[in-house]
Amino acid sequence: MNVYAQFNEHEFIYDTFRKEDALHIVLDGQESAFDLAELGNGRYALIKNGHSFLIHLLKQNDVYHVHVNGAYYAISVEDERMRKLKELVAASHSGPAEQMIKAPIPGFVLKVQVEAGQVVKKGDPLLILEAMKMENVIKANCDCRVEEIIIQEQEAVQQNQDLMRLVTVDKD
Amino acid sequence: MNVYAQFNEHEFIYDTFRKEDALHIVLDGQESAFDLAELGNGRYALIKNGHSFLIHLLKQNDVYHVHVNGAYYAISVEDERMRKLKELVAASHSGPAEQMIKAPIPGFVLKVQVEAGQVVKKGDPLLILEAMKMENVIKANCDCRVEEIIIQEQEAVQQNQDLMRLVTVDKD
Amino acid sequence: MLKKILIANRGEIALRIIRTCKEMGIGSVAVFSEIDRKSPFVYAADEAYPLGGITSQESYLQWQKILDIAKACGADAIHPGYGFLSENADFSEAVSAAGLTFIGPPAQAIRLMGNKTAARKLMIAHNVPTVPGTEDAVQDVQEAQKIARDIGYPVLVKAAAGGGGKGMRLVESDEQFAEAVEGAGREAQSAFGDGSVYIEKFVEEPRHIEFQILSDANGKTIHLGERECSIQRRHQKVVEESPSSLLDEKLRAEMGAAAIRAAEACDYRGAGTIEFLVDKHKKFYFLEMNTRLQVEHPVTELVSGLDLVQEQILIASGEPMTRTHSLEQFWGHAVECRLYAENPENNFAPSPGTIVFLKAADGPGIREDSGVTQGSEISLYYDPMISKLIAWGANREQAMNRMIRALQEYEILGIHTTIPFLIKVMEHPAFRSGNFTTHFIEEYKDALFTPTEETAETAAFTAVLDYLNEKSRIAIKTSSNGKEANSLWKTIHRSKALRS
Amino acid sequence: MLKKILIANRGEIALRIIRTCKEMGIGSVAVFSEIDRKSPFVYAADEAYPLGGITSQESYLQWQKILDIAKACGADAIHPGYGFLSENADFSEAVSAAGLTFIGPPAQAIRLMGNKTAARKLMIAHNVPTVPGTEDAVQDVQEAQKIARDIGYPVLVKAAAGGGGKGMRLVESDEQFAEAVEGAGREAQSAFGDGSVYIEKFVEEPRHIEFQILSDANGKTIHLGERECSIQRRHQKVVEESPSSLLDEKLRAEMGAAAIRAAEACDYRGAGTIEFLVDKHKKFYFLEMNTRLQVEHPVTELVSGLDLVQEQILIASGEPMTRTHSLEQFWGHAVECRLYAENPENNFAPSPGTIVFLKAADGPGIREDSGVTQGSEISLYYDPMISKLIAWGANREQAMNRMIRALQEYEILGIHTTIPFLIKVMEHPAFRSGNFTTHFIEEYKDALFTPTEETAETAAFTAVLDYLNEKSRIAIKTSSNGKEANSLWKTIHRSKALRS
């Protein structure tokens, strides 16, 4: 069965199957010999084709947060079945999808940079949240229209508090 | 209620009581103001009369293994009731008490230094156990008579394996 | 010698000071906010007393409480660290008035150097170069042009009431001047209702280079060489090193002498730092003086062999300093990276949380000044800097290589840190060449913020293994009717492993 | 320059070598036993291959397997570390025969210095002092007495077949000699059935002082000063430092020159150590040469600024060494403490187990070369040394004070370590004075093994709190019918806390 791992714009497509009680993982026709030892606390010692790594892995909200050699990756994984299921759901879904923007950290709303009804592009700044004396720009994560602005400037917000409701803009 | 804490030849006798929902601990007429914060993993931050300590505490087989400032203490604690109970049991117990000497670590019996029937003093060497390329002397922990020698020289032993049976010698 | 020192600070710098106290046989007293009860600096100190409160305002800035604790516990001195009360002249005075020793300069020196205009005038009077420009706004174009010619082009024309780049012009030659002043004036007039402008020398390819100075109880001042602090993000230093690749012996001697003049000008005592900007012509200009211990002091310690906190305590005790001459020969090279609990992938957003696993880097040439440990909770209330990693090498290349090695092996789980970003800085060709300016991060941001792809496939591979393992566990769980299932790894991971 | 190095070792020294490889941009290959699969040195290396097996014999001593792996993975050199195969001349030869570079001296030098009698003869021939004595047993009393007079009293008379002190006599003057030889001979005859005896110079108040040497590819040899290693337990070094308090410049120059002669005598290449005994008259005697990297090499690194593993790799690559002159000026002072997984309260019994919490010491002047991490399992199969803590100071006192500070703040839970004992060594007046011999631990064992009482009451107090807390929890549990009870601390510990 194919398993897809996505990181930024990259996608790695692994062919995985079980044979003689062993798990086989093939990428681009190359099979990896591997040994994964769990060290506890989300730490793993991986040897893959002789190359040795210490890996930190933490799964949160379906995203794998992975550290290798001081580098950090946020990776999404899904298999063939899940992907097909998702496509079916997406196709059957009518009307624009709704997105709730939540506060990633507790803070203080310094500035709201959009207005209700405004159309924004993915990456456009929505508001500035101040926390730990630092300004944090909260950006749109899709091409959207701002449906509702729930908070106000100068308001203190808790982590995960709803800030804005967006709806995706139909590209067709 | 009195609580006794023993460390080597020292004994600290604490008077402990509860008043107004608070625990009071008095040593030699001096009460301590304290704040104990648990840090996890057996670590505690103790502030006692303004003095601050990081303490490692691990309880094993009724002994508190405590590390403070790089020093190590093995401390036994009992309260008045327990102590009285013990004394009653000891008084009612007839005949000599039996002691089983067990291997504290896996190893190899290099030399047996006593014979069955031999009377030994507390601290006398009983046998030498080799482990990690080091010789470890196992000593008598009481004034005793060697009742039975269970292992032989040149024998490999597991941790906690019975090595020798001793009986306490009546001092009267 | 002082006997017991209260440290009016928290985190890594409190721990740093406590350690020197221990090494000198001096008692140490911590004070702490409610948030910091479980912090390493609290249990590392000999004594600890609660300040109560959560925010800095409620705790570490509560002088009267701090003074009361100091007196009650019999401390004879207060070390303010950096930040918080360290550059507060009134506090310094209050400490002295309470009969205690303030480990820092006299209130007068703090006050003088804390006032930008006064400090600038004092420096000019003592022949310490400052960025040339007009003190007051000029409205006459011809007079302004005369000044611009004196300063030498390029110059900046800046709106007196300005900000945000409005009413600002960069003027590269005399011919452009008149038009630029008029344009800036018009723009300023319309933006701020005030058309007056300043003229200031434009510092080209600026580098931030500072000198560590020590002044003993008699006012005898030495310098301990420079620190290169040009790698900055939003005017916050990120990486510091000593010595600087820019300075040669001649420039070092000139700047060092200027730094000593600056300290002498304000009748300084203790450890202080003179910050300079150096332009592409190696002309240097006084920026400001920090009248306290600097965050980046460890790089100077490594190349000088001194313990700067110990020197501060010696000076405050009226004892002679360890050295009596300025540092002329550096012992190798040292680099410091500040570790922040921030997510560089998300615009350096603070990353509060609990450190669930921590294994610092160790081995040759690595020093760490950390304020946290496994189990520490990083809150949003204080500065997000959690630790400083410092690498020493016989030369700059070895120091950088050791730093990369240490950053790569540093393990911290539960919060985001700036480690991935710092590795990119250390590896960047411009940083490695030693040829960079304070614009480094802005200039190379594309390279510095591109995720590393080298180990991406390995990360993806491990995530896939975990995914498959979890799925098979669920499968087993379901089929065996809720019974606890074993990890599939135990059966699968060895089977293919290491056969090749 | 070498491109990829296989490290035929484990633990801290494997990690130490891997780190230098990384810093030099050289590939590193680990090989590991079954026990070591999860060890830091395995995941720190670029590549790792299993040797299988558990004991050293089954794993790290399996040369052929190691050579096969080295060839298969394309390594061009093997670093043996210390112990295991490091002083095995046959292995060194086999590595060369396989077309790989052995990072160490030629087989011939290993063989020569590995043979005690041959090495002794070679040293005498090259004017390197050895402990005077008879090579062969003497049976004629008068001949023996003549030798004893030549050597100078005190001498030891030792049974040729002896051991355990039987048939041994210390002779302080000529008058006692004849009787002592006869007595020793009789005792030896009755104990071992062989009455022949040796005569050997008795080294009074011996100190173990060794010199680090480096010989480049052309045989040019320099020394990097001495290490003081007199603090030993059962002939195992426990604490090492550099420089030694005993040596003055003159003695250092003499011993350094002798060390260089010793290395040149065996046509040495690479890093090596010449061990000497120094007696109370500051006379020094060659003891042996270690033809490999020494456990205690970090103290020399800190006072010289060199990376000795880097020097080994440079020399093995045929590149010039970093220094071309012997070290005459030390950069401050360095002390190393070896941390063993042993229980000093129980006669240093090994303390295997899992490290459940680990927070190493950090801060100014502290370096650690560790081989373990939190979660590591310490087995009984290998050497119980788990880490080396090294402190640098501007002088000996600061280095010692920093070491004590670091040992006190070092946190390791789950196994016993020698930390409590090391603190006592560091604090002992004889150690602090610099005036001690190899008998230090034996001589002062009463003080070194008396439990610290300073913090005993605090420990007892905490144990009592835990006891009361547990009891009250049981009580609550019982009364509330098995419902999970909260810790009483939450309610009690704050109520009395910090009110005073």
# chains A, B, ... in the order shown; residues from 1 in each chain; ligands from 1
$ closest_atom_pairs --of "chain B" --to "chain C" --cutoff "10 Å" --atoms "only C-alpha atoms" --output "CSV"
residue,atom,partner,partner_atom,distance
B:Asp35,CA,C:Arg37,CA,9.9
B:Leu36,CA,C:Lys38,CA,9.8
B:Ala37,CA,C:Lys38,CA,6.9
B:Glu38,CA,C:Lys38,CA,8.2
B:Leu39,CA,C:Lys38,CA,6.9
B:Gly40,CA,C:Gly375,CA,7.4
B:Asn41,CA,C:Gly375,CA,9.0
B:Tyr44,CA,C:Lys38,CA,8.7
B:Ala45,CA,C:Tyr43,CA,6.0
B:Leu46,CA,C:Tyr43,CA,7.5
B:Ile47,CA,C:Ala48,CA,7.0
B:Lys48,CA,C:Glu47,CA,8.9
B:Asn49,CA,C:Glu47,CA,8.7
B:Gly50,CA,C:Glu47,CA,5.3
B:His51,CA,C:Glu47,CA,4.2
B:Ser52,CA,C:Glu47,CA,4.9
B:Phe53,CA,C:Tyr43,CA,5.1
B:Leu54,CA,C:Tyr43,CA,5.3
B:Ile55,CA,C:Tyr43,CA,9.0
B:Asn69,CA,C:Ala44,CA,9.3
$ residues_around --residues "C:Glu210" --least-positions-apart "3" --cutoff "7 Å" --atoms "only C-alpha atoms" --output "list in words"
Glu226, Arg227, Glu228, Thr273, Ile274, Glu275 and Phe276 of chain C
$ write_last_selection --atoms "C-alpha atoms" --output "PDB file, in the first residue's frame"
ATOM      1  CA  GLU C 226      35.978  43.315  21.557  1.00  0.00           C
ATOM      2  CA  ARG C 227      32.886  41.282  20.880  1.00  0.00           C
ATOM      3  CA  GLU C 228      31.395  41.094  17.410  1.00  0.00           C
ATOM      4  CA  THR C 273      30.417  47.600  27.737  1.00  0.00           C
ATOM      5  CA  ILE C 274      31.011  50.321  25.166  1.00  0.00           C
ATOM      6  CA  GLU C 275      29.032  49.618  22.012  1.00  0.00           C
ATOM      7  CA  PHE C 276      30.320  50.947  18.699  1.00  0.00           C
TER       8      PHE C 276
END
$ residues_around --residues "stretch 242-244 of chain C" --least-positions-apart "3" --cutoff "12 Å" --atoms "only C-alpha atoms" --output "PyMOL selection string"
chain C and resi 207-212+224-231+239+247-249+251-252+278+296-304+327-336+390-396+399-400+431+433-437
$ closest_atom_pairs --of "chain D" --to "chain C" --cutoff "7 Å" --atoms "only C-alpha atoms" --output "JSON lines"
{"residue": "D:Arg16", "atom": "CA", "partner": "C:Gly363", "partner_atom": "CA", "distance": 6.8}
{"residue": "D:Lys22", "atom": "CA", "partner": "C:Arg405", "partner_atom": "CA", "distance": 6.7}
{"residue": "D:Glu23", "atom": "CA", "partner": "C:Asn401", "partner_atom": "CA", "distance": 5.1}
{"residue": "D:Gly305", "atom": "CA", "partner": "C:Ala394", "partner_atom": "CA", "distance": 6.1}
{"residue": "D:Asp362", "atom": "CA", "partner": "C:Glu368", "partner_atom": "CA", "distance": 5.5}
{"residue": "D:Gly363", "atom": "CA", "partner": "C:Asp369", "partner_atom": "CA", "distance": 4.8}
{"residue": "D:Pro364", "atom": "CA", "partner": "C:Arg367", "partner_atom": "CA", "distance": 6.7}
{"residue": "D:Ile366", "atom": "CA", "partner": "C:Arg367", "partner_atom": "CA", "distance": 6.6}
{"residue": "D:Arg367", "atom": "CA", "partner": "C:Gly363", "partner_atom": "CA", "distance": 6.2}
{"residue": "D:Glu368", "atom": "CA", "partner": "C:Gly363", "partner_atom": "CA", "distance": 5.4}
{"residue": "D:Asp369", "atom": "CA", "partner": "C:Gly363", "partner_atom": "CA", "distance": 4.8}
{"residue": "D:Ala394", "atom": "CA", "partner": "C:Gly305", "partner_atom": "CA", "distance": 6.1}
{"residue": "D:Asn401", "atom": "CA", "partner": "C:Glu23", "partner_atom": "CA", "distance": 5.1}
{"residue": "D:Arg402", "atom": "CA", "partner": "C:Glu23", "partner_atom": "CA", "distance": 5.8}
{"residue": "D:Arg405", "atom": "CA", "partner": "C:Glu23", "partner_atom": "CA", "distance": 6.5}
$ residues_around --residues "A:Ala103" --least-positions-apart "2" --cutoff "8 Å" --atoms "only C-alpha atoms" --output "PyMOL selection string"
chain A and resi 101+105-107+157-163
$ write_last_selection --atoms "all heavy atoms" --output "PDB file, in the first residue's frame"
ATOM      1  N   ILE A 101      -9.740  30.653  12.633  1.00  0.00           N
ATOM      2  CA  ILE A 101      -8.388  31.036  13.045  1.00  0.00           C
ATOM      3  C   ILE A 101      -8.380  31.138  14.564  1.00  0.00           C
ATOM      4  O   ILE A 101      -9.177  31.878  15.143  1.00  0.00           O
ATOM      5  CB  ILE A 101      -7.985  32.389  12.425  1.00  0.00           C
ATOM      6  CG1 ILE A 101      -8.070  32.334  10.894  1.00  0.00           C
ATOM      7  CG2 ILE A 101      -6.587  32.816  12.890  1.00  0.00           C
ATOM      8  CD1 ILE A 101      -7.085  31.396  10.240  1.00  0.00           C
ATOM      9  N   ILE A 105      -1.072  30.919  20.753  1.00  0.00           N
ATOM     10  CA  ILE A 105      -0.495  31.148  22.079  1.00  0.00           C
ATOM     11  C   ILE A 105      -1.362  32.188  22.796  1.00  0.00           C
ATOM     12  O   ILE A 105      -2.060  32.959  22.156  1.00  0.00           O
ATOM     13  CB  ILE A 105       0.942  31.726  21.970  1.00  0.00           C
ATOM     14  CG1 ILE A 105       0.995  32.776  20.838  1.00  0.00           C
ATOM     15  CG2 ILE A 105       1.970  30.647  21.760  1.00  0.00           C
ATOM     16  CD1 ILE A 105       2.278  33.535  20.786  1.00  0.00           C
ATOM     17  N   PRO A 106      -1.284  32.228  24.112  1.00  0.00           N
ATOM     18  CA  PRO A 106      -1.999  33.294  24.806  1.00  0.00           C
ATOM     19  C   PRO A 106      -1.339  34.624  24.479  1.00  0.00           C
ATOM     20  O   PRO A 106      -0.124  34.667  24.294  1.00  0.00           O
ATOM     21  CB  PRO A 106      -1.803  32.960  26.296  1.00  0.00           C
ATOM     22  CG  PRO A 106      -1.031  31.687  26.354  1.00  0.00           C
ATOM     23  CD  PRO A 106      -0.500  31.381  25.013  1.00  0.00           C
ATOM     24  N   GLY A 107      -2.081  35.679  24.401  1.00  0.00           N
ATOM     25  CA  GLY A 107      -1.459  36.957  24.063  1.00  0.00           C
ATOM     26  C   GLY A 107      -2.453  38.094  24.082  1.00  0.00           C
ATOM     27  O   GLY A 107      -3.510  38.009  24.705  1.00  0.00           O
ATOM     28  N   VAL A 157      -6.255  37.425  24.737  1.00  0.00           N
ATOM     29  CA  VAL A 157      -6.878  36.166  24.314  1.00  0.00           C
ATOM     30  C   VAL A 157      -6.134  34.978  24.902  1.00  0.00           C
ATOM     31  O   VAL A 157      -4.934  35.035  25.165  1.00  0.00           O
ATOM     32  CB  VAL A 157      -6.921  36.040  22.774  1.00  0.00           C
ATOM     33  CG1 VAL A 157      -7.829  37.095  22.179  1.00  0.00           C
ATOM     34  CG2 VAL A 157      -5.511  36.135  22.176  1.00  0.00           C
ATOM     35  N   GLN A 158      -6.873  33.907  25.123  1.00  0.00           N
ATOM     36  CA  GLN A 158      -6.302  32.663  25.614  1.00  0.00           C
ATOM     37  C   GLN A 158      -5.822  31.822  24.439  1.00  0.00           C
ATOM     38  O   GLN A 158      -6.224  32.053  23.297  1.00  0.00           O
ATOM     39  CB  GLN A 158      -7.369  31.860  26.389  1.00  0.00           C
ATOM     40  CG  GLN A 158      -7.929  32.592  27.581  1.00  0.00           C
ATOM     41  CD  GLN A 158      -6.852  32.989  28.559  1.00  0.00           C
ATOM     42  OE1 GLN A 158      -6.007  32.179  28.910  1.00  0.00           O
ATOM     43  NE2 GLN A 158      -6.839  34.250  28.968  1.00  0.00           N
ATOM     44  N   GLN A 159      -4.990  30.842  24.768  1.00  0.00           N
ATOM     45  CA  GLN A 159      -4.563  29.917  23.720  1.00  0.00           C
ATOM     46  C   GLN A 159      -5.797  29.210  23.159  1.00  0.00           C
ATOM     47  O   GLN A 159      -6.721  28.879  23.892  1.00  0.00           O
ATOM     48  CB  GLN A 159      -3.594  28.889  24.323  1.00  0.00           C
ATOM     49  CG  GLN A 159      -2.984  27.982  23.254  1.00  0.00           C
ATOM     50  CD  GLN A 159      -1.660  27.383  23.695  1.00  0.00           C
ATOM     51  OE1 GLN A 159      -1.306  27.424  24.864  1.00  0.00           O
ATOM     52  NE2 GLN A 159      -0.907  26.846  22.754  1.00  0.00           N
ATOM     53  N   ASN A 160      -5.811  29.009  21.847  1.00  0.00           N
ATOM     54  CA  ASN A 160      -6.903  28.315  21.140  1.00  0.00           C
ATOM     55  C   ASN A 160      -8.217  29.095  21.091  1.00  0.00           C
ATOM     56  O   ASN A 160      -9.223  28.585  20.610  1.00  0.00           O
ATOM     57  CB  ASN A 160      -7.164  26.924  21.740  1.00  0.00           C
ATOM     58  CG  ASN A 160      -6.098  25.953  21.302  1.00  0.00           C
ATOM     59  OD1 ASN A 160      -5.620  26.036  20.175  1.00  0.00           O
ATOM     60  ND2 ASN A 160      -5.706  25.068  22.191  1.00  0.00           N
ATOM     61  N   GLN A 161      -8.203  30.304  21.576  1.00  0.00           N
ATOM     62  CA  GLN A 161      -9.437  31.111  21.492  1.00  0.00           C
ATOM     63  C   GLN A 161      -9.719  31.450  20.023  1.00  0.00           C
ATOM     64  O   GLN A 161      -8.803  31.680  19.237  1.00  0.00           O
ATOM     65  CB  GLN A 161      -9.261  32.387  22.335  1.00  0.00           C
ATOM     66  CG  GLN A 161     -10.542  33.203  22.447  1.00  0.00           C
ATOM     67  CD  GLN A 161     -10.370  34.375  23.417  1.00  0.00           C
ATOM     68  OE1 GLN A 161      -9.612  34.279  24.378  1.00  0.00           O
ATOM     69  NE2 GLN A 161     -11.070  35.470  23.149  1.00  0.00           N
ATOM     70  N   ASP A 162     -10.982  31.445  19.643  1.00  0.00           N
ATOM     71  CA  ASP A 162     -11.357  31.791  18.266  1.00  0.00           C
ATOM     72  C   ASP A 162     -11.070  33.261  17.995  1.00  0.00           C
ATOM     73  O   ASP A 162     -11.447  34.119  18.790  1.00  0.00           O
ATOM     74  CB  ASP A 162     -12.854  31.537  18.032  1.00  0.00           C
ATOM     75  CG  ASP A 162     -13.189  30.045  18.099  1.00  0.00           C
ATOM     76  OD1 ASP A 162     -12.243  29.232  18.060  1.00  0.00           O
ATOM     77  OD2 ASP A 162     -14.391  29.719  18.194  1.00  0.00           O
ATOM     78  N   LEU A 163     -10.423  33.531  16.850  1.00  0.00           N
ATOM     79  CA  LEU A 163     -10.083  34.915  16.517  1.00  0.00           C
ATOM     80  C   LEU A 163     -10.882  35.419  15.311  1.00  0.00           C
ATOM     81  O   LEU A 163     -11.404  36.517  15.319  1.00  0.00           O
ATOM     82  CB  LEU A 163      -8.583  35.027  16.210  1.00  0.00           C
ATOM     83  CG  LEU A 163      -7.618  34.528  17.292  1.00  0.00           C
ATOM     84  CD1 LEU A 163      -6.177  34.625  16.791  1.00  0.00           C
ATOM     85  CD2 LEU A 163      -7.781  35.341  18.576  1.00  0.00           C
TER      86      LEU A 163
END
$ residues_around --residues "stretch 75-92 of chain B" --least-positions-apart "3" --cutoff "9 Å" --atoms "only C-alpha atoms" --output "PDB file with N, CA and C atoms, in the first residue's frame"
ATOM      1  N   MET B   1       2.954  13.276  66.959  1.00  0.00           N
ATOM      2  CA  MET B   1       3.551  11.946  66.976  1.00  0.00           C
ATOM      3  C   MET B   1       5.031  12.031  66.596  1.00  0.00           C
ATOM      4  N   ASN B   2       5.861  11.302  67.322  1.00  0.00           N
ATOM      5  CA  ASN B   2       7.286  11.301  66.990  1.00  0.00           C
ATOM      6  C   ASN B   2       7.558  10.459  65.741  1.00  0.00           C
ATOM      7  N   VAL B   3       8.455  10.988  64.919  1.00  0.00           N
ATOM      8  CA  VAL B   3       8.914  10.224  63.754  1.00  0.00           C
ATOM      9  C   VAL B   3      10.429  10.158  63.833  1.00  0.00           C
ATOM     10  N   TYR B   4      10.992   8.955  63.632  1.00  0.00           N
ATOM     11  CA  TYR B   4      12.431   8.758  63.770  1.00  0.00           C
ATOM     12  C   TYR B   4      13.059   8.568  62.392  1.00  0.00           C
ATOM     13  N   ALA B   5      14.104   9.310  62.128  1.00  0.00           N
ATOM     14  CA  ALA B   5      14.839   9.141  60.865  1.00  0.00           C
ATOM     15  C   ALA B   5      16.268   8.754  61.213  1.00  0.00           C
ATOM     16  N   GLN B   6      16.691   7.610  60.722  1.00  0.00           N
ATOM     17  CA  GLN B   6      18.023   7.122  61.038  1.00  0.00           C
ATOM     18  C   GLN B   6      18.931   7.163  59.841  1.00  0.00           C
ATOM     19  N   PHE B   7      20.168   7.589  60.083  1.00  0.00           N
ATOM     20  CA  PHE B   7      21.189   7.631  59.040  1.00  0.00           C
ATOM     21  C   PHE B   7      22.500   7.281  59.737  1.00  0.00           C
ATOM     22  N   ASN B   8      23.084   6.134  59.364  1.00  0.00           N
ATOM     23  CA  ASN B   8      24.260   5.613  60.070  1.00  0.00           C
ATOM     24  C   ASN B   8      24.010   5.604  61.572  1.00  0.00           C
ATOM     25  N   ASP B  62      11.800   0.192  51.851  1.00  0.00           N
ATOM     26  CA  ASP B  62      11.712   0.900  53.127  1.00  0.00           C
ATOM     27  C   ASP B  62      12.917   1.768  53.454  1.00  0.00           C
ATOM     28  N   VAL B  63      13.828   1.937  52.513  1.00  0.00           N
ATOM     29  CA  VAL B  63      14.953   2.855  52.744  1.00  0.00           C
ATOM     30  C   VAL B  63      14.807   4.040  51.795  1.00  0.00           C
ATOM     31  N   TYR B  64      14.992   5.238  52.341  1.00  0.00           N
ATOM     32  CA  TYR B  64      14.988   6.434  51.504  1.00  0.00           C
ATOM     33  C   TYR B  64      16.407   6.701  51.029  1.00  0.00           C
ATOM     34  N   HIS B  65      16.597   6.659  49.727  1.00  0.00           N
ATOM     35  CA  HIS B  65      17.896   7.016  49.164  1.00  0.00           C
ATOM     36  C   HIS B  65      17.819   8.485  48.788  1.00  0.00           C
ATOM     37  N   VAL B  66      18.614   9.294  49.451  1.00  0.00           N
ATOM     38  CA  VAL B  66      18.479  10.742  49.300  1.00  0.00           C
ATOM     39  C   VAL B  66      19.814  11.335  48.852  1.00  0.00           C
TER      40      VAL B  66
ATOM     41  N   ALA D 459      18.366  15.887  54.508  1.00  0.00           N
ATOM     42  CA  ALA D 459      17.951  14.645  53.851  1.00  0.00           C
ATOM     43  C   ALA D 459      16.915  13.922  54.715  1.00  0.00           C
ATOM     44  N   ALA D 460      17.189  13.847  56.024  1.00  0.00           N
ATOM     45  CA  ALA D 460      16.271  13.163  56.937  1.00  0.00           C
ATOM     46  C   ALA D 460      14.914  13.863  56.951  1.00  0.00           C
ATOM     47  N   ALA D 463      12.972  12.996  53.889  1.00  0.00           N
ATOM     48  CA  ALA D 463      12.481  11.620  53.981  1.00  0.00           C
ATOM     49  C   ALA D 463      11.262  11.562  54.900  1.00  0.00           C
ATOM     50  N   VAL D 464      11.314  12.311  56.001  1.00  0.00           N
ATOM     51  CA  VAL D 464      10.187  12.336  56.938  1.00  0.00           C
ATOM     52  C   VAL D 464       8.946  12.937  56.253  1.00  0.00           C
ATOM     53  N   TYR D 467       7.548  10.376  54.042  1.00  0.00           N
ATOM     54  CA  TYR D 467       6.946   9.335  54.865  1.00  0.00           C
ATOM     55  C   TYR D 467       5.555   9.762  55.339  1.00  0.00           C
TER      56      TYR D 467
END
$ atom_distance --atom1 "atom CA of D:Val131" --atom2 "atom CA of D:Lys201"
6.1 Å
$ atom_distance --atom1 "atom CA of D:Glu182" --atom2 "atom CA of D:Ile151"
19.1 Å
$ decode --residues "stretch 81-89 of chain C" --atoms "N, CA, C and O atoms" --output "PDB file, in the first residue's frame"
ATOM      1  N   GLY C  81      22.305  41.484  37.853  1.00  0.00           N
ATOM      2  CA  GLY C  81      22.330  40.787  36.558  1.00  0.00           C
ATOM      3  C   GLY C  81      22.216  41.760  35.403  1.00  0.00           C
ATOM      4  O   GLY C  81      22.784  42.853  35.460  1.00  0.00           O
ATOM      5  N   TYR C  82      21.489  41.369  34.356  1.00  0.00           N
ATOM      6  CA  TYR C  82      21.179  42.311  33.263  1.00  0.00           C
ATOM      7  C   TYR C  82      19.668  42.442  33.168  1.00  0.00           C
ATOM      8  O   TYR C  82      18.925  41.601  33.667  1.00  0.00           O
ATOM      9  N   GLY C  83      19.182  43.489  32.507  1.00  0.00           N
ATOM     10  CA  GLY C  83      17.736  43.713  32.437  1.00  0.00           C
ATOM     11  C   GLY C  83      17.205  44.116  33.810  1.00  0.00           C
ATOM     12  O   GLY C  83      17.966  44.551  34.685  1.00  0.00           O
ATOM     13  N   PHE C  84      15.896  43.982  34.002  1.00  0.00           N
ATOM     14  CA  PHE C  84      15.242  44.320  35.274  1.00  0.00           C
ATOM     15  C   PHE C  84      15.823  45.597  35.900  1.00  0.00           C
ATOM     16  O   PHE C  84      15.785  46.652  35.276  1.00  0.00           O
ATOM     17  N   LEU C  85      16.423  45.508  37.087  1.00  0.00           N
ATOM     18  CA  LEU C  85      16.847  46.717  37.806  1.00  0.00           C
ATOM     19  C   LEU C  85      18.303  47.103  37.538  1.00  0.00           C
ATOM     20  O   LEU C  85      18.828  48.016  38.177  1.00  0.00           O
ATOM     21  N   SER C  86      18.942  46.407  36.577  1.00  0.00           N
ATOM     22  CA  SER C  86      20.395  46.555  36.457  1.00  0.00           C
ATOM     23  C   SER C  86      20.829  47.955  36.020  1.00  0.00           C
ATOM     24  O   SER C  86      21.921  48.390  36.363  1.00  0.00           O
ATOM     25  N   GLU C  87      20.005  48.651  35.249  1.00  0.00           N
ATOM     26  CA  GLU C  87      20.407  49.982  34.812  1.00  0.00           C
ATOM     27  C   GLU C  87      19.463  51.047  35.385  1.00  0.00           C
ATOM     28  O   GLU C  87      19.193  52.054  34.755  1.00  0.00           O
ATOM     29  N   ASN C  88      19.000  50.764  36.590  1.00  0.00           N
ATOM     30  CA  ASN C  88      18.094  51.680  37.271  1.00  0.00           C
ATOM     31  C   ASN C  88      18.890  52.428  38.351  1.00  0.00           C
ATOM     32  O   ASN C  88      19.217  51.876  39.401  1.00  0.00           O
ATOM     33  N   ALA C  89      19.205  53.696  38.041  1.00  0.00           N
ATOM     34  CA  ALA C  89      20.061  54.491  38.938  1.00  0.00           C
ATOM     35  C   ALA C  89      19.412  54.675  40.305  1.00  0.00           C
ATOM     36  O   ALA C  89      20.088  54.652  41.336  1.00  0.00           O
TER      37      ALA C  89
END
